[in-house]
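Asks: Sending over a structure as structure tokens; questions will come in a sec.
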Amino acid sequence: MKRILIAIWLLAAAVSASAQEPVPQNKPYIDLRPLHFGILVGLNMQDVEMQNVGSQLIDMPGVGPTEQCIVGEADTWNPGFSVGVLADLRLNEHFSLRVTPTMHFGAKHLVFRNLRDLNEFGRPHEETQDLKNTYLSVPIDLKFSAKRFNNYRPYILAGVSPMFNLASKDQDFVCLKRYDTMLEVGLGCDFYLPFFKLIPEIKFCYGLSNVFDKDHVNSITDGNKQAYARSISDVRSKMIVFTFYFE
């Protein structure tokens, strides 16, 4: 993530240094069209925030009610791939409404630690889960662009993104609901090249609803797995998306 931000900063600095004097504009009328389309490819980094239940009594097979204290977290940001299309509706000189149906392929790596089950070194027993996700999203964003100078034009945006999770519900511990809505904010820059417009963008997305699927927990018959699944009460999805648009 830090490398991406440094690369964006260096790119912006290089453009600013080279754009002190006016130069001939590439595709000078492209932004005057009321509606235009494009494609996008990019990388996404998926994460979740999980709220733990704490100590709980679990009915373990052959043992009976047993007190357990299991904590879960996503221990890393996992990279994934994104691809989609773009439709941009011009509202006025600075504002436009943008819709970008996108497929996000990725996963979240979860770690569960049982604080009541310690090994010979005094460390809690761990279980892991690779929570694979394939999202179909339809972001609707309001884009504010600065005045164009030479062949670049920075912008910021904000909007909401309905999400549909296409991944299978056959998961070990945690399973996410099919539907979610994310709030997203981002920034980018339009680069006007001789034959098309290239737009690098970084966007931050945060889930607005609890997507923890309790029905999946109730369907787990393995008592050991159910103890880990019941250790979570709330899950919020997060995602960072670094995208290249081509218009």
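Going by the structure tokens order, chains are called A, B, ..., each with residues numbered from 1, while ligands are numbered from 1 in the order shown.
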Would you mind listing what lies within 7 Å of segment 230-238 of chain A as an mmCIF file with C-alpha atoms, in the first residue's frame, with only C-alpha atoms counted and same-chain residues fewer than 3 positions away left out?
Replies:
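around.cif, written as the output of this step:
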data_model
loop_
_atom_site.group_PDB
_atom_site.id
_atom_site.type_symbol
_atom_site.label_atom_id
_atom_site.label_comp_id
_atom_site.auth_asym_id
_atom_site.auth_seq_id
_atom_site.Cartn_x
_atom_site.Cartn_y
_atom_site.Cartn_z
ATOM 1 C CA GLN A 46 -9.437 -6.881 0.686
ATOM 2 C CA ASP A 47 -9.750 -6.795 4.468
ATOM 3 C CA VAL A 48 -12.427 -7.123 7.181
ATOM 4 C CA GLU A 49 -13.042 -5.685 10.633
ATOM 5 C CA MET A 50 -14.377 -8.345 13.000
ATOM 6 C CA GLN A 51 -15.999 -7.885 16.395
ATOM 7 C CA ASN A 52 -15.272 -10.738 18.803
ATOM 8 C CA VAL A 53 -17.796 -12.183 21.258
ATOM 9 C CA GLY A 54 -15.266 -12.993 24.001
ATOM 10 C CA ILE A 70 -11.582 -17.279 20.785
ATOM 11 C CA VAL A 71 -10.501 -14.112 19.014
ATOM 12 C CA CYS A 205 -14.261 1.359 0.296
ATOM 13 C CA TYR A 206 -15.909 0.524 3.616
ATOM 14 C CA GLY A 207 -18.915 -1.739 4.193
ATOM 15 C CA SER A 209 -23.662 -3.295 7.088
ATOM 16 C CA ASN A 210 -22.857 -6.364 9.152
ATOM 17 C CA VAL A 211 -22.248 -9.132 6.594
ATOM 18 C CA PHE A 212 -21.675 -11.963 9.077
ATOM 19 C CA VAL A 217 -23.066 -20.782 11.740
ATOM 20 C CA GLN A 226 -18.900 -24.078 15.558
ATOM 21 C CA ALA A 227 -16.910 -22.738 18.517
#
Asks: Taking the chain letters and numbering used in this document, name the residues of segment 65-230 of chain A that DSSP puts in strand (DSSP E or B), as number ranges by chain.
Replies: A: 65-76, 78-90, 95-99, 102-118, 124-137, 140-145, 149, 152-165, 176, 179-192, 197-207, 212
Asks: May I have the residues within 12 Å of Ala146 of chain A as a ChimeraX atom specification, using only C-alpha atoms and disregarding those fewer than 2 positions away in the same chain?
Replies: /A:92-96,143-144,148-149,152-157,187-190
Asks: One decimal, Å: what's the distance from atom CA of Asp213 of chain A over to atom CA of Cys175 of chain A, could you say?
Replies: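 Atom CA of Cys175 of chain A lies 5.6 Å from atom CA of Asp213 of chain A.
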Asks: Would you compute the distance between atom CA of Phe204 of chain A and atom CA of Glu184 of chain A? Give it in Å to one decimal.
Replies: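 Computing the Euclidean distance for atom CA of Phe204 of chain A and atom CA of Glu184 of chain A yields 5.5 Å.
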Asks: Between A:Pro194, A:Gly72, A:Gly38, A:Gly186, which residue has the minimum interatomic distance to Pro124 of chain A, considering only C-alpha atoms?
Replies: A:Gly72
Asks: Atom CA of Ala158 of chain A and atom CA of Leu110 of chain A are how many Å apart?
Replies: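 Computed distance, atom CA of Ala158 of chain A to atom CA of Leu110 of chain A, equals 29.0 Å.
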Asks: Identify which of the residues A:Tyr228, A:Phe173, A:Phe105, A:Phe112 lies closest to Asp75 of chain A, counting only C-alpha atoms when measuring atom-to-atom distances.
Replies: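 The shortest atom-to-atom distance to Asp75 of chain A comes from A:Phe112.
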Asks: My list of candidates is A:Asp88, A:Asp172, A:Glu127, A:Asp180. Which is closest to Ile140 of chain A when distances are computed with only C-alpha atoms?
Replies: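 Smallest separation from Ile140 of chain A among the options: A:Asp88.
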Asks: Just the residues within 9 Å of segment 128-135 of chain A, please, counting only C-alpha atoms, with nothing from its chain fewer than 4 positions along; format it as a list in words.
Replies: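 Once the adjacent positions are removed, what remains is Thr102, Met103, His104, Phe105, Gly106, Ala107, Lys108, His109, Leu110, Val111, Phe112, Arg113, Met163, Phe164, Asn165, Leu166, Ala167, Ser168, Gln171, Asp172, Phe173, Val174, Cys175 and Leu176 of chain A.
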Asks: Store the residues of this selection in a file with N, CA and C atoms, as an mmCIF file, in the first residue's frame.
Replies:
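Written output follows (selection20.cif):
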data_model
loop_
_atom_site.group_PDB
_atom_site.id
_atom_site.type_symbol
_atom_site.label_atom_id
_atom_site.label_comp_id
_atom_site.auth_asym_id
_atom_site.auth_seq_id
_atom_site.Cartn_x
_atom_site.Cartn_y
_atom_site.Cartn_z
ATOM 1 N N THR A 102 -18.240 -3.594 -11.925
ATOM 2 C CA THR A 102 -16.913 -4.179 -11.776
ATOM 3 C C THR A 102 -16.992 -5.545 -11.101
ATOM 4 N N MET A 103 -16.101 -6.441 -11.525
ATOM 5 C CA MET A 103 -15.905 -7.725 -10.853
ATOM 6 C C MET A 103 -14.602 -7.656 -10.060
ATOM 7 N N HIS A 104 -14.683 -7.992 -8.768
ATOM 8 C CA HIS A 104 -13.509 -8.025 -7.900
ATOM 9 C C HIS A 104 -13.240 -9.471 -7.486
ATOM 10 N N PHE A 105 -12.063 -9.965 -7.812
ATOM 11 C CA PHE A 105 -11.661 -11.319 -7.441
ATOM 12 C C PHE A 105 -10.593 -11.220 -6.353
ATOM 13 N N GLY A 106 -10.806 -11.905 -5.238
ATOM 14 C CA GLY A 106 -9.830 -11.829 -4.159
ATOM 15 C C GLY A 106 -10.195 -12.733 -3.001
ATOM 16 N N ALA A 107 -9.521 -12.512 -1.877
ATOM 17 C CA ALA A 107 -9.742 -13.333 -0.686
ATOM 18 C C ALA A 107 -9.307 -12.567 0.549
ATOM 19 N N LYS A 108 -9.777 -13.053 1.699
ATOM 20 C CA LYS A 108 -9.395 -12.497 2.991
ATOM 21 C C LYS A 108 -8.809 -13.627 3.833
ATOM 22 N N HIS A 109 -7.684 -13.377 4.466
ATOM 23 C CA HIS A 109 -7.031 -14.405 5.290
ATOM 24 C C HIS A 109 -7.374 -14.149 6.749
ATOM 25 N N LEU A 110 -8.091 -15.094 7.378
ATOM 26 C CA LEU A 110 -8.543 -14.946 8.756
ATOM 27 C C LEU A 110 -7.737 -15.864 9.668
ATOM 28 N N VAL A 111 -7.462 -15.377 10.880
ATOM 29 C CA VAL A 111 -6.757 -16.151 11.899
ATOM 30 C C VAL A 111 -7.598 -16.153 13.174
ATOM 31 N N PHE A 112 -7.825 -17.334 13.753
ATOM 32 C CA PHE A 112 -8.555 -17.483 15.013
ATOM 33 C C PHE A 112 -7.604 -18.048 16.056
ATOM 34 N N ARG A 113 -7.598 -17.444 17.252
ATOM 35 C CA ARG A 113 -6.731 -17.893 18.341
ATOM 36 C C ARG A 113 -7.590 -18.253 19.548
ATOM 37 N N MET A 163 -22.932 -4.246 -3.514
ATOM 38 C CA MET A 163 -22.052 -5.384 -3.771
ATOM 39 C C MET A 163 -22.849 -6.687 -3.694
ATOM 40 N N PHE A 164 -22.547 -7.586 -4.614
ATOM 41 C CA PHE A 164 -23.159 -8.918 -4.593
ATOM 42 C C PHE A 164 -22.035 -9.947 -4.557
ATOM 43 N N ASN A 165 -22.021 -10.762 -3.513
ATOM 44 C CA ASN A 165 -20.966 -11.749 -3.320
ATOM 45 C C ASN A 165 -21.341 -13.049 -4.034
ATOM 46 N N LEU A 166 -20.559 -13.418 -5.041
ATOM 47 C CA LEU A 166 -20.831 -14.613 -5.828
ATOM 48 C C LEU A 166 -20.137 -15.856 -5.293
ATOM 49 N N ALA A 167 -19.369 -15.728 -4.210
ATOM 50 C CA ALA A 167 -18.603 -16.863 -3.696
ATOM 51 C C ALA A 167 -19.523 -17.912 -3.099
ATOM 52 N N SER A 168 -19.035 -19.139 -3.074
ATOM 53 C CA SER A 168 -19.792 -20.247 -2.510
ATOM 54 C C SER A 168 -19.964 -20.078 -1.003
ATOM 55 N N GLN A 171 -18.058 -22.604 3.416
ATOM 56 C CA GLN A 171 -16.887 -22.078 4.102
ATOM 57 C C GLN A 171 -16.688 -22.815 5.419
ATOM 58 N N ASP A 172 -15.473 -22.768 5.960
ATOM 59 C CA ASP A 172 -15.153 -23.491 7.189
ATOM 60 C C ASP A 172 -15.815 -22.859 8.418
ATOM 61 N N PHE A 173 -15.472 -21.594 8.700
ATOM 62 C CA PHE A 173 -15.953 -20.944 9.908
ATOM 63 C C PHE A 173 -16.871 -19.761 9.582
ATOM 64 N N VAL A 174 -16.282 -18.738 9.027
ATOM 65 C CA VAL A 174 -17.010 -17.505 8.734
ATOM 66 C C VAL A 174 -17.498 -17.523 7.289
ATOM 67 N N CYS A 175 -18.745 -17.154 7.096
ATOM 68 C CA CYS A 175 -19.314 -16.994 5.764
ATOM 69 C C CYS A 175 -19.982 -15.623 5.708
ATOM 70 N N LEU A 176 -19.839 -14.935 4.596
ATOM 71 C CA LEU A 176 -20.397 -13.594 4.460
ATOM 72 C C LEU A 176 -21.711 -13.637 3.695
#
